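One structure below.
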Amino acid sequence: MAEPKENVLMEKIVSLCKRRGFIFQSSEIYGGINGFWDYGPLGAELRKNIRDCWWNDMVRSRDDVVGLESSIIMHPKVWEASGHVAGFTDPMVDCKVSKQRFRADQIFFSSVIVDGKTVGYVSALESDRLAEELQESAETFKRKKAIQGKLEPVQPREFTEARPEEIPLVPSPATGEPGSLTPPRAFNMMFQTYVGALRDESAIAYLRPETAQGMFADFKAVLDTGRVKIPFGIAQIGKSFRNEITPRNFIFRSREFEQMEMEFFISDEDDWQKWHRYWIDWCREWLLSVGLPASALSEYNHPKEKLAFYSKGTTDIMFHYPFGVQELWGIAARGDYDLSQHAKFSGTALGYFDEAAKRRYVPHVIEPAVGVDRILLAILCSAYHEDQMPDDKGKMETRVLLKLHPRVAPIKVAVLPLLKNKPNLVTKAQEVRDLLRKHMNVFYDDAGAIGRRYRRQDEAGTPFCVTVDFETFEGMKEGPLAGQTDTVTVRHRDDGRQERLPIASLLPWLLDRVR
Ligand code: GAP
């Protein structure tokens, strides 16, 4: 069966997430709060598996990366040194009529030019079809105003580039009418709070907008205690907070999210391009290892003129989400900017002494930074499938399944007694569950027809279902295990294939496949 069309696909994924307990709107019983999400029983497991895979591969399996958990609220000077207090802003635009708020860099506009003369303006929000949408709007504009002549192709520009005299002429994406958009103004995205009893300027602190600064602020502490040598990395997983102007696309851009970041410190004389490439490739391979298809991944190199002055280069690994190709993982070469800034603001030397060369220098850094939530969404989008399978009565029906990689699947195996009113089946199934659950997340289900139970696990992305049936006791009638008792059926999620295995070999068989 054909895969669902992209916009429909997103709706189906959101609905599945809610139905099966992956993701809920935060505080839903109070009407929800925009940009915040809760992860239900399956979502919590999926997130944990993503974090564990990353931590295991990035930290535990390497000799040159160590872990860190720094606090969410840090000394406010950290954010002055990092540049976030002054510059962590997005350009914000209000529509005075609809009261909607936009990011100016997500509104695009074009003049409508007929026979070489500007006759008006059209606008659209950023999308994969931006140029087509603007062109269609320009044609509609010309037709409605009954303007004769040759319409020129549109030239999309960001609203941030609008000249002052153009701003009142650009239609609001909310109303389609000009005159209601305000000029863009800088909006700092850090959430502020107060530390201690006083609520004055001196007590202001921030919820961290990235985990990275923890690694820079603790660089000396790790160096002094961690027995690490350049090149080495410090990695951290943790919550970050950004007061995004337009949280959107489900969990893609939220106000509270989780990052997995690693700062890899190299010598100032080392070849940063070599390390940059190394980490881009590492990140790409890692994404494949958790089940993302290579065909959905691409690379985007930030143009030199858009980079911060200290940045040597940034490459994003992009993922083809149903709502467009978007940033998944950024790999930035940040020079010695961060350590130098913290040294300057704190008055603490943050250099590294190279024993062999008898030389002190400030290390440079390569930073792969990714959001857990964005990976989780990419995984769900690529795992969602629909196909046709026979139900319990042999009638073909549409089946929804998540083809999750066993490494990240929330439930690794479901254990099912064929019937719940046969004590011997139930007891044996519970024994199998207890044998397996010490090693992996197991789900025990005895409710309903076996076919329905398989379907429930398909939707949860469970790669294997183990069924205890009468042949478990009576012995197999035929096949390679003929006559043998204590065997179970293992059903494969993706193709519904079934095979028979002795209970004695079930655990190693599963461990081989889910790790
Ligand atoms: N320390 C560098 C840094 O934070 P970033 O590109 O702003 O760089 C890194 O963020 C990653 O964090 C992004 O590639 C994305 O995966 C994730 N991320 C950023 N903002 C997010 C948001 N509002 N919601 C969800 N994930 C976000």
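In the structure tokens, the first chain shown is A, the next is B, and so on; residue numbers restart at 1 for each chain, and ligands run from 1 in the order shown.
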6 Å from ligand 1 is the threshold here; counting only C-alpha atoms and all ligand atoms, which polymer residues fall inside it? Answer as a list of chain:residue names.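 With only C-alpha atoms and all ligand atoms and a cut-off of 6 Å, ligand 1 is contacted by A:Glu210, A:Ala212, A:Phe252, A:Arg253, A:Ser254, A:Arg255, A:Phe257, A:Gln259, A:Glu327, A:Leu328, A:Trp329, A:Gly330, A:Ala369, A:Val370, A:Gly371, A:Asp373, A:Arg374.
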Return as an NGL selection string the full set of residues in segment 230-457 of chain A whose backbone-based DSSP assignment is strand (DSSP E or B). :A and (232-241 or 248 or 253 or 256-266 or 297-301 or 313-321 or 324-335 or 352-354 or 359-361 or 364-371 or 384-390 or 396-402 or 413-417 or 442-444)
Taking only C-alpha atoms into account, name the residue in A:Met74, A:Leu402, A:Leu507, A:Leu198 that is nearest to Arg456 of chain A.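 So, comparing all the options, the nearest one is A:Leu402.
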DSSP on the backbone: what in segment 100-273 of chain A comes out alpha helix (DSSP H), as an MDAnalysis selection string? chainID A and resid 130:144 212:217 219:225 272:273
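Taking atom CA of Asp128 of chain A and atom CA of Pro322 of chain A as endpoints, the distance between them is 10.3 Å.
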Long-range neighbours of segment 178-187 of chain A as an MDAnalysis selection string, 8 Å cut-off, only C-alpha atoms, 5 positions minimum in chain: chainID A and resid 89:97 104 159:160 164 167:172
Residues as selected, all heavy atoms, written as a CSV table (one decimal), in the first residue's frame, can you do that?
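Wrote it out as selection.csv, contents follow:
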chain,number,residue,atom,x,y,z
A,89,THR,N,18.7,36.1,20.4
A,89,THR,CA,17.4,36.7,20.1
A,89,THR,C,16.9,36.2,18.7
A,89,THR,O,17.7,35.8,17.9
A,89,THR,CB,17.5,38.2,20.0
A,89,THR,OG1,18.5,38.5,19.0
A,89,THR,CG2,17.8,38.9,21.3
A,90,ASP,N,15.6,36.2,18.6
A,90,ASP,CA,15.0,36.0,17.3
A,90,ASP,C,14.2,37.2,16.9
A,90,ASP,O,13.7,37.9,17.8
A,90,ASP,CB,14.0,34.8,17.4
A,90,ASP,CG,14.6,33.5,17.0
A,90,ASP,OD1,15.7,33.5,16.4
A,90,ASP,OD2,14.0,32.4,17.3
A,91,PRO,N,14.2,37.6,15.6
A,91,PRO,CA,13.4,38.8,15.2
A,91,PRO,C,11.9,38.5,15.2
A,91,PRO,O,11.5,37.5,14.6
A,91,PRO,CB,13.9,39.0,13.8
A,91,PRO,CG,14.4,37.7,13.3
A,91,PRO,CD,14.8,36.8,14.5
A,92,MET,N,11.2,39.3,16.0
A,92,MET,CA,9.8,39.0,16.2
A,92,MET,C,8.9,40.0,15.5
A,92,MET,O,9.2,41.2,15.5
A,92,MET,CB,9.5,39.0,17.7
A,92,MET,CG,8.1,38.7,18.1
A,92,MET,SD,8.0,38.5,19.9
A,92,MET,CE,8.2,40.2,20.4
A,93,VAL,N,7.8,39.5,15.0
A,93,VAL,CA,6.8,40.4,14.3
A,93,VAL,C,5.4,40.1,14.8
A,93,VAL,O,5.1,39.0,15.0
A,93,VAL,CB,6.9,40.1,12.7
A,93,VAL,CG1,5.8,40.9,12.0
A,93,VAL,CG2,8.2,40.5,12.2
A,94,ASP,N,4.7,41.2,15.1
A,94,ASP,CA,3.3,41.0,15.5
A,94,ASP,C,2.3,41.4,14.4
A,94,ASP,O,2.6,42.3,13.6
A,94,ASP,CB,3.0,41.9,16.7
A,94,ASP,CG,3.6,41.3,18.0
A,94,ASP,OD1,3.5,40.1,18.2
A,94,ASP,OD2,4.2,42.1,18.8
A,95,CYS,N,1.2,40.7,14.3
A,95,CYS,CA,0.2,41.1,13.4
A,95,CYS,C,-0.8,41.8,14.3
A,95,CYS,O,-1.4,41.2,15.2
A,95,CYS,CB,-0.5,39.9,12.7
A,95,CYS,SG,-2.0,40.3,11.9
A,96,LYS,N,-1.0,43.1,14.1
A,96,LYS,CA,-1.8,43.9,15.0
A,96,LYS,C,-3.3,43.5,14.9
A,96,LYS,O,-4.1,43.7,15.9
A,96,LYS,CB,-1.6,45.4,14.7
A,96,LYS,CG,-0.3,45.9,15.2
A,96,LYS,CD,0.0,47.4,14.9
A,96,LYS,CE,0.4,47.5,13.4
A,96,LYS,NZ,0.7,48.9,13.0
A,97,VAL,N,-3.7,43.0,13.8
A,97,VAL,CA,-5.2,42.6,13.6
A,97,VAL,C,-5.5,41.3,14.3
A,97,VAL,O,-6.3,41.1,15.1
A,97,VAL,CB,-5.6,42.7,12.1
A,97,VAL,CG1,-7.0,42.1,11.9
A,97,VAL,CG2,-5.5,44.1,11.6
A,104,ALA,N,10.3,36.8,12.2
A,104,ALA,CA,10.4,37.6,10.9
A,104,ALA,C,11.2,36.7,9.9
A,104,ALA,O,11.0,36.9,8.7
A,104,ALA,CB,11.1,38.9,11.2
A,159,PHE,N,11.4,38.6,5.7
A,159,PHE,CA,10.8,39.8,6.1
A,159,PHE,C,11.8,40.7,6.9
A,159,PHE,O,11.7,41.9,6.9
A,159,PHE,CB,9.6,39.5,7.1
A,159,PHE,CG,8.7,40.7,7.4
A,159,PHE,CD1,8.0,41.3,6.3
A,159,PHE,CD2,8.6,41.2,8.6
A,159,PHE,CE1,7.2,42.5,6.6
A,159,PHE,CE2,7.8,42.3,8.9
A,159,PHE,CZ,7.1,43.0,7.9
A,160,THR,N,12.8,40.0,7.4
A,160,THR,CA,13.9,40.8,8.0
A,160,THR,C,14.6,41.7,7.0
A,160,THR,O,15.3,42.7,7.4
A,160,THR,CB,15.0,39.8,8.6
A,160,THR,OG1,15.3,38.9,7.6
A,160,THR,CG2,14.5,39.1,9.8
A,164,PRO,N,12.0,49.8,5.3
A,164,PRO,CA,10.9,50.4,6.2
A,164,PRO,C,9.7,50.8,5.4
A,164,PRO,O,8.5,50.6,5.8
A,164,PRO,CB,11.6,51.7,6.7
A,164,PRO,CG,13.0,51.4,6.7
A,164,PRO,CD,13.3,50.4,5.5
A,167,ILE,N,7.4,47.6,4.7
A,167,ILE,CA,6.7,46.9,5.8
A,167,ILE,C,5.2,47.1,5.8
A,167,ILE,O,4.4,46.1,5.9
A,167,ILE,CB,7.3,47.3,7.2
A,167,ILE,CG1,8.7,46.6,7.2
A,167,ILE,CG2,6.5,46.8,8.4
A,167,ILE,CD1,9.6,47.0,8.4
A,168,PRO,N,4.6,48.3,5.7
A,168,PRO,CA,3.2,48.5,5.7
A,168,PRO,C,2.5,47.9,4.5
A,168,PRO,O,1.3,47.7,4.5
A,168,PRO,CB,2.9,50.0,5.7
A,168,PRO,CG,4.3,50.6,5.8
A,168,PRO,CD,5.3,49.6,5.6
A,169,LEU,N,3.2,47.6,3.4
A,169,LEU,CA,2.6,47.1,2.2
A,169,LEU,C,2.6,45.5,2.1
A,169,LEU,O,1.9,45.0,1.3
A,169,LEU,CB,3.4,47.6,1.0
A,169,LEU,CG,3.6,49.2,0.9
A,169,LEU,CD1,4.5,49.6,-0.2
A,169,LEU,CD2,2.2,49.8,0.8
A,170,VAL,N,3.4,44.9,3.0
A,170,VAL,CA,3.4,43.4,3.0
A,170,VAL,C,2.2,42.8,3.7
A,170,VAL,O,1.9,43.2,4.9
A,170,VAL,CB,4.7,42.9,3.6
A,170,VAL,CG1,4.8,41.4,3.7
A,170,VAL,CG2,6.0,43.4,2.9
A,171,PRO,N,1.5,41.9,3.1
A,171,PRO,CA,0.3,41.3,3.7
A,171,PRO,C,0.7,40.5,4.9
A,171,PRO,O,1.7,39.8,4.9
A,171,PRO,CB,-0.4,40.5,2.7
A,171,PRO,CG,0.4,40.7,1.4
A,171,PRO,CD,1.6,41.4,1.7
A,172,SER,N,-0.1,40.5,6.0
A,172,SER,CA,0.1,39.6,7.1
A,172,SER,C,-0.2,38.2,6.7
A,172,SER,O,-1.3,37.9,6.1
A,172,SER,CB,-0.8,40.0,8.3
A,172,SER,OG,-1.0,38.9,9.1
Excluding segment 459-474 of chain A and its own-chain neighbours fewer than 4 positions away, which residues fall within 6 Å of it when counting only C-alpha atoms? Please give them as a PDB file with C-alpha atoms, in the first residue's frame.
ATOM      1  CA  VAL A 400      -0.595   0.500  11.292  1.00  0.00           C
ATOM      2  CA  LEU A 401       2.892  -0.357  12.469  1.00  0.00           C
ATOM      3  CA  LEU A 402       5.990   1.417  13.716  1.00  0.00           C
ATOM      4  CA  LYS A 403       9.081  -0.192  12.213  1.00  0.00           C
ATOM      5  CA  LEU A 404      11.249   0.954  15.106  1.00  0.00           C
ATOM      6  CA  ILE A 411       8.918  -2.585  24.273  1.00  0.00           C
ATOM      7  CA  LYS A 412      11.408  -5.169  23.038  1.00  0.00           C
ATOM      8  CA  VAL A 413       9.133  -8.168  23.334  1.00  0.00           C
ATOM      9  CA  ALA A 414       5.502  -8.858  24.222  1.00  0.00           C
ATOM     10  CA  VAL A 415       4.692 -12.129  25.956  1.00  0.00           C
ATOM     11  CA  LEU A 416       1.223 -13.467  25.225  1.00  0.00           C
ATOM     12  CA  PRO A 417      -0.555 -16.573  26.549  1.00  0.00           C
ATOM     13  CA  LEU A 418      -2.780 -17.797  23.718  1.00  0.00           C
ATOM     14  CA  ALA A 429       3.797 -17.101  29.901  1.00  0.00           C
ATOM     15  CA  THR A 485       7.993 -29.313  24.497  1.00  0.00           C
ATOM     16  CA  ASP A 486       8.733 -25.923  26.092  1.00  0.00           C
ATOM     17  CA  THR A 487       8.848 -24.055  22.805  1.00  0.00           C
ATOM     18  CA  VAL A 488       7.163 -20.768  21.907  1.00  0.00           C
ATOM     19  CA  THR A 489       6.134 -18.924  18.746  1.00  0.00           C
ATOM     20  CA  VAL A 490       8.091 -15.791  17.956  1.00  0.00           C
ATOM     21  CA  ARG A 491       6.264 -13.412  15.646  1.00  0.00           C
ATOM     22  CA  HIS A 492       8.193 -10.767  13.697  1.00  0.00           C
ATOM     23  CA  ARG A 493       6.511  -7.338  13.573  1.00  0.00           C
TER      24      ARG A 493
END
Extract, using only C-alpha atoms, all DNA, RNA and protein residues at most 7 Å from segment 244-246 of chain A, discarding same-chain residues fewer than 2 positions from it, and format them as a ChimeraX atom specification. /A:101-103,189,242,248,254-255
Take the selection from the previous step and output its residues with all heavy atoms, as an mmCIF file, in the first residue's frame.
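After the write, again.cif holds the following:
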data_model
loop_
_atom_site.group_PDB
_atom_site.id
_atom_site.type_symbol
_atom_site.label_atom_id
_atom_site.label_comp_id
_atom_site.auth_asym_id
_atom_site.auth_seq_id
_atom_site.Cartn_x
_atom_site.Cartn_y
_atom_site.Cartn_z
ATOM 1 N N ARG A 101 1.729 36.158 16.485
ATOM 2 C CA ARG A 101 3.136 36.552 16.569
ATOM 3 C C ARG A 101 3.929 35.629 15.627
ATOM 4 O O ARG A 101 3.677 34.436 15.581
ATOM 5 C CB ARG A 101 3.555 36.333 18.017
ATOM 6 C CG ARG A 101 4.843 36.915 18.375
ATOM 7 C CD ARG A 101 4.889 37.184 19.869
ATOM 8 N NE ARG A 101 4.483 38.550 20.155
ATOM 9 C CZ ARG A 101 4.503 39.083 21.360
ATOM 10 N NH1 ARG A 101 4.899 38.344 22.387
ATOM 11 N NH2 ARG A 101 4.151 40.330 21.555
ATOM 12 N N PHE A 102 4.862 36.207 14.893
ATOM 13 C CA PHE A 102 5.657 35.422 13.935
ATOM 14 C C PHE A 102 7.131 35.678 14.150
ATOM 15 O O PHE A 102 7.517 36.715 14.684
ATOM 16 C CB PHE A 102 5.317 35.833 12.491
ATOM 17 C CG PHE A 102 3.881 35.649 12.132
ATOM 18 C CD1 PHE A 102 2.992 36.697 12.202
ATOM 19 C CD2 PHE A 102 3.415 34.401 11.738
ATOM 20 C CE1 PHE A 102 1.658 36.528 11.872
ATOM 21 C CE2 PHE A 102 2.085 34.224 11.407
ATOM 22 C CZ PHE A 102 1.199 35.283 11.477
ATOM 23 N N ARG A 103 7.944 34.743 13.670
ATOM 24 C CA ARG A 103 9.377 35.015 13.560
ATOM 25 C C ARG A 103 9.598 35.660 12.200
ATOM 26 O O ARG A 103 9.190 35.099 11.179
ATOM 27 C CB ARG A 103 10.164 33.708 13.658
ATOM 28 C CG ARG A 103 10.832 33.550 15.018
ATOM 29 C CD ARG A 103 11.448 32.231 15.154
ATOM 30 N NE ARG A 103 12.533 32.017 14.186
ATOM 31 C CZ ARG A 103 13.249 30.914 14.118
ATOM 32 N NH1 ARG A 103 13.014 29.933 14.968
ATOM 33 N NH2 ARG A 103 14.207 30.782 13.248
ATOM 34 N N MET A 189 15.257 34.917 23.862
ATOM 35 C CA MET A 189 14.521 33.672 24.073
ATOM 36 C C MET A 189 14.811 32.986 25.406
ATOM 37 O O MET A 189 14.274 31.918 25.668
ATOM 38 C CB MET A 189 14.830 32.713 22.934
ATOM 39 C CG MET A 189 14.188 33.149 21.635
ATOM 40 S SD MET A 189 14.222 31.832 20.459
ATOM 41 C CE MET A 189 15.934 31.756 20.081
ATOM 42 N N ARG A 242 13.846 27.328 25.819
ATOM 43 C CA ARG A 242 13.881 28.515 24.960
ATOM 44 C C ARG A 242 12.459 29.017 24.783
ATOM 45 O O ARG A 242 11.571 28.224 24.429
ATOM 46 C CB ARG A 242 14.470 28.186 23.570
ATOM 47 C CG ARG A 242 15.909 27.765 23.648
ATOM 48 C CD ARG A 242 16.505 27.496 22.279
ATOM 49 N NE ARG A 242 17.828 26.903 22.463
ATOM 50 C CZ ARG A 242 18.623 26.506 21.490
ATOM 51 N NH1 ARG A 242 18.234 26.636 20.230
ATOM 52 N NH2 ARG A 242 19.803 25.981 21.756
ATOM 53 N N ARG A 248 6.401 24.960 17.023
ATOM 54 C CA ARG A 248 5.497 24.344 16.034
ATOM 55 C C ARG A 248 6.021 22.998 15.548
ATOM 56 O O ARG A 248 7.112 22.589 15.930
ATOM 57 C CB ARG A 248 5.237 25.265 14.870
ATOM 58 C CG ARG A 248 6.468 25.676 14.112
ATOM 59 C CD ARG A 248 6.034 26.595 12.982
ATOM 60 N NE ARG A 248 7.200 27.057 12.265
ATOM 61 C CZ ARG A 248 7.193 27.473 11.037
ATOM 62 N NH1 ARG A 248 6.095 27.445 10.343
ATOM 63 N NH2 ARG A 248 8.292 27.890 10.458
ATOM 64 N N SER A 254 10.056 23.122 20.476
ATOM 65 C CA SER A 254 9.286 23.345 21.689
ATOM 66 C C SER A 254 10.034 24.303 22.595
ATOM 67 O O SER A 254 11.150 24.726 22.293
ATOM 68 C CB SER A 254 8.980 22.036 22.424
ATOM 69 O OG SER A 254 9.722 20.981 21.921
ATOM 70 N N ARG A 255 9.404 24.638 23.697
ATOM 71 C CA ARG A 255 10.011 25.620 24.616
ATOM 72 C C ARG A 255 10.813 24.924 25.705
ATOM 73 O O ARG A 255 11.698 25.526 26.300
ATOM 74 C CB ARG A 255 8.912 26.510 25.209
ATOM 75 C CG ARG A 255 8.335 27.415 24.129
ATOM 76 C CD ARG A 255 7.200 28.275 24.620
ATOM 77 N NE ARG A 255 6.935 29.357 23.677
ATOM 78 C CZ ARG A 255 5.741 29.827 23.380
ATOM 79 N NH1 ARG A 255 4.679 29.309 23.945
ATOM 80 N NH2 ARG A 255 5.608 30.808 22.526
#
Would you work out the distance separating atom CA of Ile234 of chain A from atom CA of Arg47 of chain A, expressed in Å to one decimal?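 Between atom CA of Ile234 of chain A and atom CA of Arg47 of chain A the gap works out to 21.2 Å.
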Of the residues A:Ser123, A:Ser26, A:Ser82, A:Gln155, which is the one nearest to Pro209 of chain A, using only C-alpha atoms? A:Ser82
Selection near Arg62 of chain A, 12 Å with only C-alpha atoms, sequence-local residues under 6 positions removed, as a list in words: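 After dropping sequence-adjacent residues, the list is Trp54, Trp55, Asn56, Phe232, Gly233, Ile234 and Ala235 of chain A.
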Can you write out the residues you just picked, keeping N, CA and C atoms, as an mmCIF file, in the first residue's frame?
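So selection-v4.cif came out as:
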data_model
loop_
_atom_site.group_PDB
_atom_site.id
_atom_site.type_symbol
_atom_site.label_atom_id
_atom_site.label_comp_id
_atom_site.auth_asym_id
_atom_site.auth_seq_id
_atom_site.Cartn_x
_atom_site.Cartn_y
_atom_site.Cartn_z
ATOM 1 N N TRP A 54 22.838 6.922 22.814
ATOM 2 C CA TRP A 54 23.798 8.021 22.581
ATOM 3 C C TRP A 54 24.883 8.007 23.655
ATOM 4 N N TRP A 55 24.449 7.890 24.902
ATOM 5 C CA TRP A 55 25.417 7.924 26.015
ATOM 6 C C TRP A 55 26.391 6.754 25.904
ATOM 7 N N ASN A 56 25.835 5.615 25.559
ATOM 8 C CA ASN A 56 26.674 4.420 25.440
ATOM 9 C C ASN A 56 27.696 4.578 24.317
ATOM 10 N N PHE A 232 40.051 15.620 23.546
ATOM 11 C CA PHE A 232 39.042 14.887 24.323
ATOM 12 C C PHE A 232 37.741 15.674 24.322
ATOM 13 N N GLY A 233 36.662 14.973 24.694
ATOM 14 C CA GLY A 233 35.358 15.623 24.683
ATOM 15 C C GLY A 233 34.663 15.515 26.025
ATOM 16 N N ILE A 234 33.751 16.478 26.281
ATOM 17 C CA ILE A 234 32.870 16.396 27.454
ATOM 18 C C ILE A 234 31.440 16.395 26.910
ATOM 19 N N ALA A 235 30.667 15.385 27.355
ATOM 20 C CA ALA A 235 29.321 15.202 26.811
ATOM 21 C C ALA A 235 28.292 15.360 27.914
#
